[in-house]
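Quick look at query-v4.txt (compact mmCIF, C-alpha atoms and all ligand atoms):
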# COMPACT_ATOMS: atom_id res chain seq x y z
CA MET A 1 -62.01 25.34 31.95
CA SER A 2 -62.54 28.86 30.64
CA ARG A 3 -62.54 30.46 34.10
CA MET A 4 -59.07 29.06 34.68
CA LEU A 5 -57.67 31.33 32.03
CA GLU A 6 -58.39 34.50 33.97
CA PRO A 7 -55.32 36.70 34.28
CA GLN A 8 -53.24 36.01 37.35
CA GLN A 9 -53.32 38.49 40.17
CA ARG A 10 -49.99 40.19 40.44
CA ALA A 11 -48.99 41.51 43.81
CA ALA A 12 -46.53 44.37 44.15
CA THR A 13 -43.35 42.38 44.76
CA PRO A 14 -39.73 43.29 45.22
CA GLN A 15 -37.48 42.50 42.32
CA ALA A 16 -34.59 40.54 43.81
CA VAL A 17 -35.00 37.41 45.93
CA ASP A 18 -32.51 38.71 48.50
CA ALA A 19 -34.79 41.68 49.17
CA LEU A 20 -37.57 39.37 50.43
CA ASP A 21 -38.60 39.24 54.05
CA THR A 22 -38.13 35.84 55.66
CA PRO A 23 -39.07 33.12 56.26
CA VAL A 24 -40.92 32.79 52.96
CA LEU A 25 -41.63 30.02 50.47
CA ILE A 26 -39.97 30.63 47.12
CA VAL A 27 -40.80 28.65 44.00
CA ASP A 28 -38.36 28.47 41.12
CA LEU A 29 -40.68 28.56 38.12
CA ASP A 30 -38.12 27.08 35.73
CA ARG A 31 -37.86 24.01 37.95
CA LEU A 32 -41.62 23.90 38.53
CA ASP A 33 -42.36 24.06 34.79
CA ALA A 34 -39.76 21.34 34.12
CA ASN A 35 -41.32 19.02 36.72
CA ILE A 36 -44.81 19.58 35.31
CA ALA A 37 -43.61 19.02 31.73
CA ARG A 38 -41.59 15.89 32.61
CA TRP A 39 -44.51 14.08 34.19
CA ALA A 40 -46.97 15.23 31.51
CA ALA A 41 -44.60 13.81 28.88
CA PHE A 42 -44.25 10.57 30.81
CA ALA A 43 -48.02 10.11 31.06
CA ARG A 44 -48.50 10.84 27.35
CA GLN A 45 -45.80 8.38 26.41
CA ALA A 46 -47.09 5.65 28.77
CA GLY A 47 -50.67 6.20 27.56
CA VAL A 48 -52.11 6.90 31.02
CA LYS A 49 -54.07 9.84 32.36
CA LEU A 50 -52.23 12.16 34.72
CA ARG A 51 -54.32 13.32 37.67
CA PRO A 52 -51.90 15.15 39.98
CA HIS A 53 -52.65 15.29 43.69
CA GLY A 54 -53.31 18.95 44.47
CA LYS A 55 -52.69 18.55 48.21
CA THR A 56 -49.03 19.28 47.51
CA HIS A 57 -49.51 22.80 46.16
CA LYS A 58 -53.10 23.79 47.13
CA CYS A 59 -52.61 26.56 44.60
CA VAL A 60 -54.94 27.47 41.74
CA GLU A 61 -52.20 28.79 39.48
CA ILE A 62 -50.26 25.54 39.73
CA ALA A 63 -53.40 23.47 39.07
CA ARG A 64 -53.91 25.55 35.95
CA ARG A 65 -50.36 24.89 34.76
CA GLN A 66 -50.74 21.14 35.34
CA ILE A 67 -54.00 21.01 33.39
CA GLU A 68 -52.65 23.14 30.57
CA ALA A 69 -49.74 20.68 30.32
CA GLY A 70 -52.16 17.76 29.88
CA ALA A 71 -53.44 16.65 33.29
CA VAL A 72 -57.07 15.49 33.10
CA GLY A 73 -58.02 17.16 36.38
CA LEU A 74 -56.94 16.92 39.99
CA THR A 75 -56.81 14.37 42.76
CA LEU A 76 -57.64 15.91 46.15
CA ALA A 77 -58.37 14.56 49.61
CA LYS A 78 -60.72 17.03 51.23
CA ILE A 79 -63.99 18.61 50.10
CA GLY A 80 -62.67 22.01 51.18
CA GLU A 81 -59.76 21.66 48.76
CA ALA A 82 -62.16 20.58 46.03
CA GLU A 83 -64.45 23.55 46.65
CA VAL A 84 -61.54 25.95 46.17
CA MET A 85 -60.35 24.23 43.00
CA ALA A 86 -63.88 23.89 41.55
CA ARG A 87 -64.47 27.61 42.11
CA ALA A 88 -61.26 28.26 40.20
CA GLY A 89 -62.54 26.23 37.25
CA VAL A 90 -61.06 22.76 37.75
CA GLY A 91 -63.83 20.66 36.25
CA ASP A 92 -62.78 17.08 37.06
CA ILE A 93 -61.88 16.04 40.60
CA PHE A 94 -61.19 12.69 42.23
CA LEU A 95 -61.41 12.76 46.03
CA ALA A 96 -59.02 9.89 46.75
CA TYR A 97 -60.30 9.77 50.29
CA GLU A 98 -63.21 8.28 52.21
CA VAL A 99 -65.86 11.01 52.59
CA ILE A 100 -67.38 10.13 55.94
CA GLY A 101 -69.65 12.15 58.22
CA SER A 102 -73.08 13.66 57.58
CA PRO A 103 -71.90 17.33 57.64
CA LYS A 104 -69.91 16.62 54.48
CA LEU A 105 -72.75 15.21 52.40
CA PRO A 106 -74.55 18.43 51.36
CA ARG A 107 -71.17 19.89 50.35
CA LEU A 108 -70.33 16.81 48.32
CA ILE A 109 -73.67 16.91 46.53
CA ALA A 110 -73.31 20.63 45.82
CA LEU A 111 -69.83 19.98 44.43
CA ALA A 112 -71.09 17.12 42.27
CA ARG A 113 -73.71 19.45 40.79
CA GLN A 114 -70.98 21.87 39.81
CA VAL A 115 -68.14 19.68 38.47
CA ARG A 116 -67.33 16.02 37.76
CA VAL A 117 -66.53 14.46 41.15
CA ARG A 118 -65.60 10.90 42.00
CA VAL A 119 -65.05 9.65 45.53
CA GLY A 120 -63.05 6.90 47.23
CA VAL A 121 -64.87 4.25 49.29
CA ASP A 122 -63.61 1.28 51.26
CA SER A 123 -66.66 0.09 53.21
CA ALA A 124 -70.36 -0.49 52.74
CA GLU A 125 -71.01 1.53 55.94
CA GLY A 126 -69.17 4.47 54.45
CA ALA A 127 -70.84 4.12 51.05
CA GLU A 128 -74.46 3.83 52.22
CA PRO A 129 -74.84 7.49 53.32
CA LEU A 130 -73.28 8.58 50.01
CA ALA A 131 -75.78 6.45 48.13
CA ARG A 132 -78.73 7.84 50.11
CA ALA A 133 -77.56 11.44 49.64
CA ALA A 134 -77.06 10.94 45.90
CA GLN A 135 -80.45 9.28 45.51
CA ALA A 136 -82.19 12.06 47.46
CA ALA A 137 -80.51 14.57 45.14
CA GLY A 138 -81.61 12.60 42.07
CA MET A 139 -78.07 11.88 40.95
CA THR A 140 -75.67 8.99 40.62
CA LEU A 141 -72.33 9.37 42.35
CA ASP A 142 -69.25 7.70 40.86
CA VAL A 143 -67.05 5.89 43.36
CA LEU A 144 -63.67 4.21 43.14
CA ILE A 145 -63.00 1.40 45.58
CA GLU A 146 -59.77 1.83 47.52
CA VAL A 147 -57.57 -1.26 47.58
CA ASP A 148 -54.82 -1.70 50.16
CA SER A 149 -51.84 -2.79 48.06
CA GLY A 150 -49.56 -2.92 51.09
CA LEU A 151 -49.54 0.48 52.83
CA GLY A 152 -51.78 -0.61 55.69
CA ARG A 153 -53.88 2.56 55.73
CA CYS A 154 -57.35 2.68 54.13
CA GLY A 155 -58.56 0.21 51.53
CA VAL A 156 -59.93 -3.30 51.33
CA ARG A 157 -57.61 -6.23 50.83
CA PRO A 158 -57.31 -7.62 47.32
CA GLY A 159 -59.29 -10.78 46.58
CA GLN A 160 -62.35 -11.75 48.56
CA GLU A 161 -62.70 -8.51 50.54
CA LEU A 162 -62.62 -6.39 47.41
CA ALA A 163 -65.03 -8.68 45.57
CA ALA A 164 -67.51 -8.62 48.48
CA LEU A 165 -67.45 -4.83 48.74
CA ALA A 166 -67.84 -4.45 44.98
CA GLN A 167 -70.89 -6.75 45.02
CA SER A 168 -72.52 -4.80 47.82
CA LEU A 169 -71.79 -1.43 46.17
CA ALA A 170 -73.21 -2.72 42.89
CA ARG A 171 -76.55 -3.22 44.68
CA MET A 172 -76.69 0.35 46.04
CA LYS A 173 -78.88 2.75 44.11
CA GLY A 174 -77.34 6.19 43.76
CA LEU A 175 -73.77 4.89 43.32
CA ARG A 176 -71.85 3.65 40.30
CA ILE A 177 -68.54 1.83 40.57
CA ALA A 178 -66.20 3.78 38.30
CA GLY A 179 -63.07 1.82 39.14
CA ILE A 180 -60.48 1.00 41.76
CA PHE A 181 -57.53 2.92 43.20
CA THR A 182 -54.59 2.41 45.50
CA TYR A 183 -51.78 4.34 47.15
CA ARG A 184 -48.78 2.26 48.10
CA GLY A 185 -46.54 4.85 49.69
CA TYR A 186 -42.77 4.62 49.97
CA ARG A 187 -40.83 1.37 49.70
CA PRO A 188 -37.16 0.49 49.35
CA ASP A 189 -37.20 -0.71 45.73
CA LEU A 190 -39.40 1.86 44.04
CA GLU A 191 -39.16 0.38 40.56
CA ALA A 192 -40.29 -3.08 41.69
CA ALA A 193 -42.80 -1.66 44.20
CA GLY A 194 -44.51 0.43 41.53
CA ARG A 195 -44.61 -2.42 39.05
CA GLU A 196 -46.13 -4.69 41.67
CA GLU A 197 -48.64 -1.98 42.61
CA GLY A 198 -49.82 -1.77 39.00
CA GLU A 199 -49.88 -5.53 38.56
CA ILE A 200 -51.91 -6.11 41.74
CA MET A 201 -54.49 -3.58 40.60
CA VAL A 202 -54.78 -4.88 37.03
CA ALA A 203 -55.20 -8.44 38.33
CA GLU A 204 -57.89 -7.29 40.76
CA ALA A 205 -59.72 -5.36 38.05
CA ASP A 206 -59.70 -8.47 35.84
CA ARG A 207 -61.07 -10.57 38.66
CA LEU A 208 -63.92 -8.08 39.23
CA ARG A 209 -64.70 -7.97 35.52
CA ARG A 210 -64.95 -11.75 35.43
CA ALA A 211 -67.48 -11.46 38.25
CA GLY A 212 -69.54 -9.06 36.14
CA ILE A 213 -68.44 -5.74 37.70
CA GLU A 214 -67.42 -3.04 35.25
CA VAL A 215 -64.06 -1.43 36.07
CA GLU A 216 -63.16 1.54 33.89
CA GLU A 217 -60.53 3.23 35.98
CA ILE A 218 -57.43 1.67 37.53
CA SER A 219 -55.83 4.59 39.35
CA VAL A 220 -52.42 4.15 40.97
CA GLY A 221 -49.17 5.79 41.79
CA SER A 222 -47.41 8.59 43.53
CA THR A 223 -44.18 10.46 42.88
CA PRO A 224 -41.99 7.51 43.92
CA THR A 225 -44.02 4.72 42.28
CA GLY A 226 -46.01 6.53 39.57
CA ARG A 227 -43.62 5.88 36.70
CA SER A 228 -43.17 2.15 37.19
CA ALA A 229 -46.84 1.60 38.10
CA GLY A 230 -47.93 3.72 35.13
CA ARG A 231 -46.05 1.50 32.68
CA VAL A 232 -48.06 -1.60 33.65
CA SER A 233 -50.46 -2.44 30.85
CA GLY A 234 -54.07 -1.95 31.96
CA VAL A 235 -53.39 0.89 34.40
CA THR A 236 -55.41 3.94 33.28
CA GLU A 237 -54.36 6.77 35.59
CA ILE A 238 -51.49 7.97 37.82
CA ARG A 239 -51.74 10.41 40.73
CA PRO A 240 -48.34 11.86 41.70
CA GLY A 241 -48.49 14.93 43.93
CA THR A 242 -45.09 15.82 45.36
CA TYR A 243 -43.42 15.73 41.90
CA VAL A 244 -44.47 19.31 41.26
CA PHE A 245 -42.03 20.64 43.91
CA ASN A 246 -40.13 17.58 45.20
CA ASP A 247 -38.41 17.69 48.60
CA ALA A 248 -35.65 16.16 50.72
CA MET A 249 -37.64 12.95 51.14
CA GLN A 250 -37.97 12.45 47.36
CA VAL A 251 -34.25 13.10 46.91
CA ARG A 252 -33.47 10.58 49.62
CA TRP A 253 -35.74 7.98 47.95
CA GLY A 254 -34.09 8.60 44.62
CA SER A 255 -37.20 9.84 42.82
CA ALA A 256 -35.80 13.38 42.39
CA THR A 257 -32.50 15.26 42.46
CA PRO A 258 -31.79 18.46 44.42
CA ASP A 259 -32.04 20.32 41.10
CA ASP A 260 -35.62 19.05 40.71
CA CYS A 261 -36.60 20.69 44.02
CA ALA A 262 -38.62 23.72 42.96
CA LEU A 263 -39.65 25.01 46.37
CA ALA A 264 -37.48 26.19 49.22
CA VAL A 265 -38.03 27.99 52.48
CA LEU A 266 -35.91 31.12 52.24
CA ALA A 267 -34.64 31.77 55.77
CA ARG A 268 -32.16 34.13 57.47
CA VAL A 269 -29.40 33.42 59.91
CA ILE A 270 -30.44 35.31 63.06
CA SER A 271 -27.72 34.11 65.43
CA ARG A 272 -24.26 32.52 65.38
CA PRO A 273 -24.00 31.38 69.00
CA SER A 274 -20.87 29.31 68.38
CA ARG A 275 -18.35 28.37 65.69
CA ASP A 276 -20.36 25.35 64.55
CA VAL A 277 -23.93 26.54 65.03
CA ALA A 278 -26.21 28.93 63.18
CA VAL A 279 -29.81 29.67 64.10
CA LEU A 280 -32.38 30.38 61.38
CA ASP A 281 -35.59 32.39 61.58
CA ALA A 282 -37.53 29.32 60.41
CA GLY A 283 -38.81 26.84 62.98
CA SER A 284 -41.65 24.35 63.06
CA LYS A 285 -44.17 27.07 62.08
CA ALA A 286 -42.38 27.51 58.76
CA LEU A 287 -40.75 24.13 58.13
CA THR A 288 -43.14 21.76 59.99
CA ALA A 289 -41.62 19.36 62.52
CA GLU A 290 -40.92 16.69 59.89
CA ARG A 291 -37.42 15.27 59.74
CA GLY A 292 -35.59 12.35 58.26
CA PRO A 293 -32.18 10.98 57.29
CA TYR A 294 -31.51 13.88 54.95
CA SER A 295 -28.06 14.97 56.16
CA SER A 296 -24.83 12.99 56.21
CA ARG A 297 -24.63 13.86 59.95
CA GLY A 298 -28.01 12.37 60.85
CA ASP A 299 -31.68 13.30 60.86
CA SER A 300 -32.41 16.80 59.60
CA HIS A 301 -35.48 19.03 59.21
CA GLY A 302 -34.57 19.72 55.59
CA VAL A 303 -31.54 20.25 53.36
CA ILE A 304 -29.75 23.59 52.99
CA ARG A 305 -29.09 24.22 49.33
CA ASN A 306 -25.34 24.45 48.59
CA TYR A 307 -24.58 23.13 52.11
CA PRO A 308 -26.26 19.70 51.97
CA ASP A 309 -24.16 18.21 54.78
CA CYS A 310 -25.33 20.74 57.34
CA GLN A 311 -27.86 19.30 59.76
CA ILE A 312 -30.93 21.18 60.95
CA ASP A 313 -30.93 19.16 64.11
CA ARG A 314 -33.48 20.97 66.24
CA LEU A 315 -36.51 23.20 65.73
CA TRP A 316 -38.46 25.40 68.06
CA GLU A 317 -41.55 27.22 66.87
CA GLU A 318 -39.63 30.14 65.34
CA HIS A 319 -36.02 28.94 65.47
CA GLY A 320 -34.13 26.33 63.50
CA ARG A 321 -30.72 25.24 64.77
CA VAL A 322 -28.12 24.24 62.19
CA GLN A 323 -24.99 22.20 62.86
CA LEU A 324 -22.57 23.67 60.34
CA THR A 325 -19.98 22.00 58.15
CA ASP A 326 -16.52 23.60 57.85
CA GLU A 327 -17.55 25.25 54.60
CA ALA A 328 -20.80 26.61 56.04
CA ARG A 329 -18.99 28.35 58.92
CA ARG A 330 -18.74 31.33 56.59
CA LEU A 331 -22.46 32.02 57.19
CA ARG A 332 -22.95 35.29 59.09
CA VAL A 333 -25.89 36.87 60.90
CA GLY A 334 -28.23 38.26 58.23
CA ASP A 335 -27.21 35.79 55.51
CA LEU A 336 -29.90 33.99 53.54
CA VAL A 337 -30.17 30.24 53.07
CA GLU A 338 -32.60 28.13 51.06
CA VAL A 339 -33.96 25.15 52.95
CA ILE A 340 -35.39 22.30 50.86
CA PRO A 341 -38.16 21.05 53.17
CA ALA A 342 -38.13 17.53 54.57
CA HIS A 343 -41.71 17.06 53.34
CA VAL A 344 -43.02 19.80 51.10
CA CYS A 345 -46.80 19.15 51.29
CA PRO A 346 -47.39 20.06 54.95
CA THR A 347 -44.82 22.88 54.60
CA VAL A 348 -46.92 24.53 51.88
CA ASN A 349 -50.02 24.10 54.04
CA LEU A 350 -48.43 26.46 56.62
CA ALA A 351 -47.92 29.30 54.16
CA GLU A 352 -50.31 31.89 52.81
CA ARG A 353 -48.44 32.51 49.62
CA LEU A 354 -45.74 31.28 47.29
CA VAL A 355 -43.27 33.80 45.92
CA CYS A 356 -42.38 32.84 42.35
CA THR A 357 -38.90 33.43 41.02
CA ARG A 358 -36.93 33.04 37.82
CA GLN A 359 -33.17 33.33 37.85
CA GLY A 360 -33.14 34.98 41.25
CA ARG A 361 -35.77 37.60 40.42
CA VAL A 362 -39.26 37.71 41.88
CA VAL A 363 -41.81 37.44 39.08
CA ASP A 364 -45.12 36.70 40.81
CA THR A 365 -46.89 35.81 44.06
CA TRP A 366 -49.53 33.08 44.25
CA ALA A 367 -51.96 32.39 47.08
CA VAL A 368 -52.01 28.97 48.71
CA ALA A 369 -55.75 29.17 48.22
CA ALA A 370 -56.64 25.79 49.71
CA ARG A 371 -54.31 25.99 52.70
CA ALA A 372 -55.70 24.56 55.95
CA GLN A 373 -58.67 23.02 54.11
CA VAL A 374 -58.71 19.85 56.19
CA GLN A 375 -62.48 19.27 56.22
C1 LIG A 401 -54.28 8.67 47.83
C2 LIG A 401 -53.04 9.36 47.38
N1 LIG A 401 -52.77 9.43 46.07
C3 LIG A 401 -51.66 10.06 45.61
C4 LIG A 401 -50.75 10.63 46.48
C5 LIG A 401 -49.54 11.35 45.93
O1 LIG A 401 -48.34 10.88 46.42
P1 LIG A 401 -46.98 11.73 46.31
O2 LIG A 401 -47.24 13.03 46.99
O3 LIG A 401 -45.96 10.91 46.97
O4 LIG A 401 -46.72 11.93 44.88
C6 LIG A 401 -50.99 10.56 47.86
C7 LIG A 401 -50.05 11.15 48.83
O5 LIG A 401 -50.23 11.22 50.00
C8 LIG A 401 -52.16 9.91 48.33
O6 LIG A 401 -52.45 9.82 49.64
The structure in this file should be written as structure tokens.
Amino acid sequence: MSRMLEPQQRAATPQAVDALDTPVLIVDLDRLDANIARWAAFARQAGVKLRPHGKTHKCVEIARRQIEAGAVGLTLAKIGEAEVMARAGVGDIFLAYEVIGSPKLPRLIALARQVRVRVGVDSAEGAEPLARAAQAAGMTLDVLIEVDSGLGRCGVRPGQELAALAQSLARMKGLRIAGIFTYRGYRPDLEAAGREEGEIMVAEADRLRRAGIEVEEISVGSTPTGRSAGRVSGVTEIRPGTYVFNDAMQVRWGSATPDDCALAVLARVISRPSRDVAVLDAGSKALTAERGPYSSRGDSHGVIRNYPDCQIDRLWEEHGRVQLTDEARRLRVGDLVEVIPAHVCPTVNLAERLVCTRQGRVVDTWAVAARAQVQ
């Protein structure tokens, strides 16, 4: 990890947040540090490893803070993200994603020569090329089998399907089954959903063990379900990602409060076409097109801090239209607002940098080093 301790690059930055050009992503470091510390403390107390998903921040400096606080390494989806983080000194990476396609294999092998890498698999067809590439490179690649615990995305079904895949992987030279993992997504009762997620996975691991398959790792969880899943005895690792910033979706699901939201899109009012409408200089190229039931008036592309009942009801590429509440009618052309994004992860992926603040002052600027790394 020594390379991760290199001094941060400091850009020449203005001192006060209201002197920033817009739209720009601002990160409140007090909130960020509190989020990182809270989840690190939870993992320590629950006796599970914390492996945050780095797709949320894609930022080396934040990975460093998570690891310094106790995370064992990172979860990532794409090899491109892993290459960036490995270069920055992150030495332990789980690609919780099926690595499929021959152009990826040399990159995966090169990565595995550099740092500890484990990979998700959910089919024998997907695993065979990995096994052949690992064998040809004279190495053994650790894989975790993805189990579908109810999301309906990737993963084999618990029971017979999982057992059959595990048996066929166990016969492949070049691969070693390191464990199982799941991602359950968002459900109405998060406490019960997380508990069930953990229980399903522990039961499946026990069943595999009885069939003679070693299962070291049982990796579960996300920001909404990570705490309840992480408390289930037998679970070894949790993988929350969004927790580091939080967003309007997490607030809506009850897994964070507005005060836990560390990142906002700082935007300016550029037009006041009518009494009840303001237009911001942030559209879908700054906020993404994501929306949800985040305003009391209906679906909104985010939440305006201090004016949570305003509704960002429509976006164009560079414009965001806001339906104002009585209180927010005081906003004038040129005024600044902070928009808590609907979904922070794809929002960060649109930005080149994060401007870091403490108590309204700019203290640093960090690159979103793994932005747009979708391969
Ligand atoms: C496989 C996997 N693990 C963990 C996470 C982290 O979830 P969250 O960002 O809700 O914390 C995700 C999110 O997409 C995921 O796909």
Could you tell me, counting all atoms listed in the file, which protein and nucleic acid residues lie no more than 7 Å from ligand LIG 401 (chain A), written as an mmCIF file with C-alpha atoms, keeping the file's coordinate frame?
data_model
loop_
_atom_site.group_PDB
_atom_site.id
_atom_site.type_symbol
_atom_site.label_atom_id
_atom_site.label_comp_id
_atom_site.auth_asym_id
_atom_site.auth_seq_id
_atom_site.Cartn_x
_atom_site.Cartn_y
_atom_site.Cartn_z
ATOM 1 C CA HIS A 53 -52.650 15.290 43.690
ATOM 2 C CA THR A 56 -49.030 19.280 47.510
ATOM 3 C CA ALA A 96 -59.020 9.890 46.750
ATOM 4 C CA TYR A 97 -60.300 9.770 50.290
ATOM 5 C CA THR A 182 -54.590 2.410 45.500
ATOM 6 C CA TYR A 183 -51.780 4.340 47.150
ATOM 7 C CA GLY A 185 -46.540 4.850 49.690
ATOM 8 C CA GLY A 221 -49.170 5.790 41.790
ATOM 9 C CA SER A 222 -47.410 8.590 43.530
ATOM 10 C CA THR A 223 -44.180 10.460 42.880
ATOM 11 C CA PRO A 224 -41.990 7.510 43.920
ATOM 12 C CA ARG A 239 -51.740 10.410 40.730
ATOM 13 C CA PRO A 240 -48.340 11.860 41.700
ATOM 14 C CA GLY A 241 -48.490 14.930 43.930
ATOM 15 C CA THR A 242 -45.090 15.820 45.360
ATOM 16 C CA TYR A 243 -43.420 15.730 41.900
#
Taking a cut-off of 12 Å and counting all atoms listed in the file, can you build a table that, for each residue of range 200-263 of chain A near range 330-338 of chain A, reports the nearest atom pair and how far apart they are in Å (one decimal), sorted by chain then residue number, as JSON lines?
{"residue": "A:Pro258", "atom": "CA", "partner": "A:Glu338", "partner_atom": "CA", "distance": 11.8}
{"residue": "A:Cys261", "atom": "CA", "partner": "A:Glu338", "partner_atom": "CA", "distance": 11.0}
{"residue": "A:Ala262", "atom": "CA", "partner": "A:Glu338", "partner_atom": "CA", "distance": 11.0}
{"residue": "A:Leu263", "atom": "CA", "partner": "A:Glu338", "partner_atom": "CA", "distance": 9.0}
Non-local contacts of range 35-47 of chain A (10 Å; only C-alpha atoms; under 2 positions in same chain excluded) as JSON, numbers by chain: {"A": [29, 30, 31, 32, 33, 49, 50, 51, 52, 62, 65, 66, 67, 68, 69, 70, 71, 223, 226, 227, 228, 230, 231, 232, 233, 234, 235, 236, 237, 238, 240, 242, 243, 244, 245, 246, 256, 260, 261, 262]}
Separation of CA of Ile177 in chain A from CA of Lys58 in chain A, in Å and rounded to one decimal: 27.6 Å
For CA of His301 in chain A and CA of Pro188 in chain A, the interatomic separation in Å (one decimal):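 So the two atoms, CA of His301 in chain A and CA of Pro188 in chain A, lie 21.1 Å apart.
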d(CA of Val60 in chain A, CA of Ala178 in chain A) in Å: 26.5 Å
Residue with smallest distance to Gly302 in chain A - pool A:Leu208, A:Val251, A:Ala367, A:Met85, counting only C-alpha atoms: A:Val251
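Closest approach to Leu111 in chain A among A:Leu287, A:Ile93, A:Ala229, A:Ala124: A:Ile93, based on all atoms listed in the file.
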Using all atoms listed in the file: which of A:Glu196, A:Glu216, A:Asp122, A:Asp189 has the shortest distance to Gly155 in chain A: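 Selected residue with least distance to Gly155 in chain A: A:Asp122.
The nearest approach to Phe94 in chain A among the residues A:Val115, A:Ala164, A:Val215, A:Val322, with only C-alpha atoms taken into account, belongs to A:Val115.
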